[in-house]
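Each remark here refers to the structure printed beneath this line.
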Amino acid sequence: MVKKVAVKVNDLKTAYYLINELKKMNINIAEEGDVIITDELVKQMELNKLIGHILCKVRGKENFNELLIGIDTNKEERLTIVVIGDGELLFTLNSNLMDIEDKIREIVSSIPHKRLYIGVGGGNKIGQLVYKILKINFKEVKIVNEDKTSSKNPFINIRDKDIRAAYIIALRSTIR
């Protein structure tokens, strides 16, 4: 059950940042909510970790059992990243080759989880390069066969072909 979040923070800049980030992650924001973000909570943890904490709380969890990250590597200036927590698509974002390691590190460090899987589409040279970059710091990264990842699939109803491909790559990363 997804809960609503109320942002009760006095600092307008912080409140604005939190509201924008939570909206990007499709979290319902309301005047009164089941989860309340206060100044005290903001002081306790870094903003990115707070957002990851809220991602879990709105789903009634302390952490995700499995965090899956899929990276579709079609263009070096536009890598598509999909983040899945316990089977649910949490959010998507884009990155370029230069920022990919920082983005993945930020995701992994901010979202509480027990197990991590990172899949990189390895169908081209960019994918191979992304894999080599991430393998240095993430032992969980795996190169994934991209065959038919962007094809229409009756079980996955995602219109954007890059997001669909990254989603399937994330799922395939769990296969050992």
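We label chains A, B, ... in the order they appear in the structure tokens, count residues from 1 in each chain, and number ligands from 1 in the order shown.
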
Non-local contacts of range 34-37 of chain A (7 Å; only C-alpha atoms; under 5 positions in same chain excluded) as a PyMOL selection string: chain A and resi 3-9+58

Please produce a file of the residues just selected, as a CSV table (one decimal), in the first residue's frame, where the atoms kept are all heavy atoms.
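Result file is selection_27.csv:
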```csv
chain,number,residue,atom,x,y,z
A,3,LYS,N,1.6,5.0,0.5
A,3,LYS,CA,1.1,6.0,1.4
A,3,LYS,C,1.4,7.4,0.9
A,3,LYS,O,2.3,7.6,0.1
A,3,LYS,CB,1.7,5.9,2.8
A,3,LYS,CG,1.5,4.5,3.4
A,3,LYS,CD,2.3,4.3,4.7
A,3,LYS,CE,2.1,2.9,5.2
A,3,LYS,NZ,2.9,2.6,6.4
A,4,LYS,N,0.7,8.4,1.5
A,4,LYS,CA,1.0,9.8,1.1
A,4,LYS,C,2.0,10.4,2.0
A,4,LYS,O,2.2,10.0,3.2
A,4,LYS,CB,-0.3,10.6,1.2
A,4,LYS,CG,-1.4,10.3,0.2
A,4,LYS,CD,-2.6,11.1,0.3
A,4,LYS,CE,-3.6,10.6,-0.7
A,4,LYS,NZ,-4.9,11.4,-0.6
A,5,VAL,N,2.7,11.4,1.5
A,5,VAL,CA,3.8,12.0,2.3
A,5,VAL,C,3.5,13.5,2.4
A,5,VAL,O,3.1,14.2,1.5
A,5,VAL,CB,5.2,11.9,1.5
A,5,VAL,CG1,6.3,12.7,2.2
A,5,VAL,CG2,5.5,10.4,1.4
A,6,ALA,N,3.7,14.0,3.7
A,6,ALA,CA,3.5,15.4,3.9
A,6,ALA,C,4.9,16.0,4.2
A,6,ALA,O,5.7,15.4,5.0
A,6,ALA,CB,2.6,15.6,5.2
A,7,VAL,N,5.2,17.1,3.6
A,7,VAL,CA,6.5,17.8,3.8
A,7,VAL,C,6.2,19.0,4.7
A,7,VAL,O,5.6,20.0,4.3
A,7,VAL,CB,7.1,18.2,2.5
A,7,VAL,CG1,8.4,18.9,2.7
A,7,VAL,CG2,7.3,17.0,1.6
A,8,LYS,N,6.7,18.9,6.0
A,8,LYS,CA,6.5,19.9,7.0
A,8,LYS,C,7.9,20.5,7.4
A,8,LYS,O,8.4,20.2,8.5
A,8,LYS,CB,5.8,19.4,8.2
A,8,LYS,CG,4.5,18.7,7.9
A,8,LYS,CD,3.4,19.5,8.1
A,8,LYS,CE,2.1,18.7,7.8
A,8,LYS,NZ,0.9,19.4,8.1
A,9,VAL,N,8.6,21.1,6.4
A,9,VAL,CA,9.9,21.6,6.6
A,9,VAL,C,9.9,23.1,6.5
A,9,VAL,O,9.3,23.7,5.6
A,9,VAL,CB,10.9,21.0,5.5
A,9,VAL,CG1,12.3,21.5,5.7
A,9,VAL,CG2,10.9,19.5,5.6
A,58,VAL,N,7.0,4.7,2.3
A,58,VAL,CA,5.6,4.8,1.7
A,58,VAL,C,5.1,3.4,1.2
A,58,VAL,O,3.9,3.3,1.0
A,58,VAL,CB,5.6,5.8,0.5
A,58,VAL,CG1,5.9,7.2,0.9
A,58,VAL,CG2,6.5,5.4,-0.6
```

Which of range 26-105 of chain A DSSP labels helix (DSSP H, G or I), written as a ChimeraX atom specification: /A:39-44,47-57,100-105

Long-range neighbours of Thr80 in chain A as a list in words, 10 Å cut-off, only C-alpha atoms, 6 positions minimum in chain: Gly70, Ile71, Asp72, Thr73, Asn74, Thr92, Leu93, Asn94, Ser95, Asn96, Ile100, Asp162, Ile163, Arg164, Ala165, Ala166 and Tyr167 of chain A

Non-local contacts of Leu129 in chain A (10 Å; only C-alpha atoms; under 4 positions in same chain excluded) as a ChimeraX atom specification: /A:73,76,97,120,122,124-125,133-135

Please save N, CA, C and O atoms of the selected residues as a compact mmCIF listing (two decimals), in the first residue's frame.
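Contents of the output file again_37.txt:
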```txt
# COMPACT_ATOMS: atom_id res chain seq x y z
N THR A 73 22.37 1.03 -22.81
CA THR A 73 23.55 1.80 -23.26
C THR A 73 23.53 2.07 -24.75
O THR A 73 24.47 1.73 -25.46
N GLU A 76 26.24 7.22 -25.71
CA GLU A 76 27.10 7.57 -24.58
C GLU A 76 26.63 8.83 -23.86
O GLU A 76 26.90 8.99 -22.69
N LEU A 97 27.93 9.06 -20.03
CA LEU A 97 29.00 8.14 -19.69
C LEU A 97 29.88 8.66 -18.56
O LEU A 97 30.29 7.91 -17.69
N VAL A 120 24.04 -4.29 -16.95
CA VAL A 120 24.43 -3.35 -17.99
C VAL A 120 24.23 -4.04 -19.34
O VAL A 120 24.73 -5.14 -19.55
N GLY A 122 25.05 -5.16 -22.70
CA GLY A 122 26.37 -5.32 -23.29
C GLY A 122 26.38 -5.52 -24.78
O GLY A 122 27.30 -6.14 -25.31
N ASN A 124 26.90 -3.42 -27.16
CA ASN A 124 27.73 -2.49 -27.94
C ASN A 124 28.97 -2.09 -27.13
O ASN A 124 29.12 -2.48 -25.98
N LYS A 125 29.84 -1.30 -27.74
CA LYS A 125 31.08 -0.89 -27.07
C LYS A 125 30.83 0.01 -25.87
O LYS A 125 31.56 -0.04 -24.89
N ILE A 133 33.75 0.32 -16.19
CA ILE A 133 33.77 1.45 -15.25
C ILE A 133 33.13 1.03 -13.92
O ILE A 133 33.67 1.27 -12.84
N LEU A 134 31.96 0.39 -14.00
CA LEU A 134 31.22 0.05 -12.78
C LEU A 134 31.83 -1.14 -12.04
O LEU A 134 31.74 -1.22 -10.81
N LYS A 135 32.45 -2.05 -12.77
CA LYS A 135 33.01 -3.26 -12.16
C LYS A 135 34.10 -2.92 -11.14
O LYS A 135 34.33 -3.67 -10.19
```

DSSP strand (DSSP E or B) selection over range 26-81 of chain A, as a ChimeraX atom specification: /A:29,35-38,64-75,78-81

Glu46 in chain A environment, 12 Å, only C-alpha atoms, sequence neighbours closer than 2 positions dropped, as a PyMOL selection string: chain A and resi 14+18+39-44+48-53+106+109-111
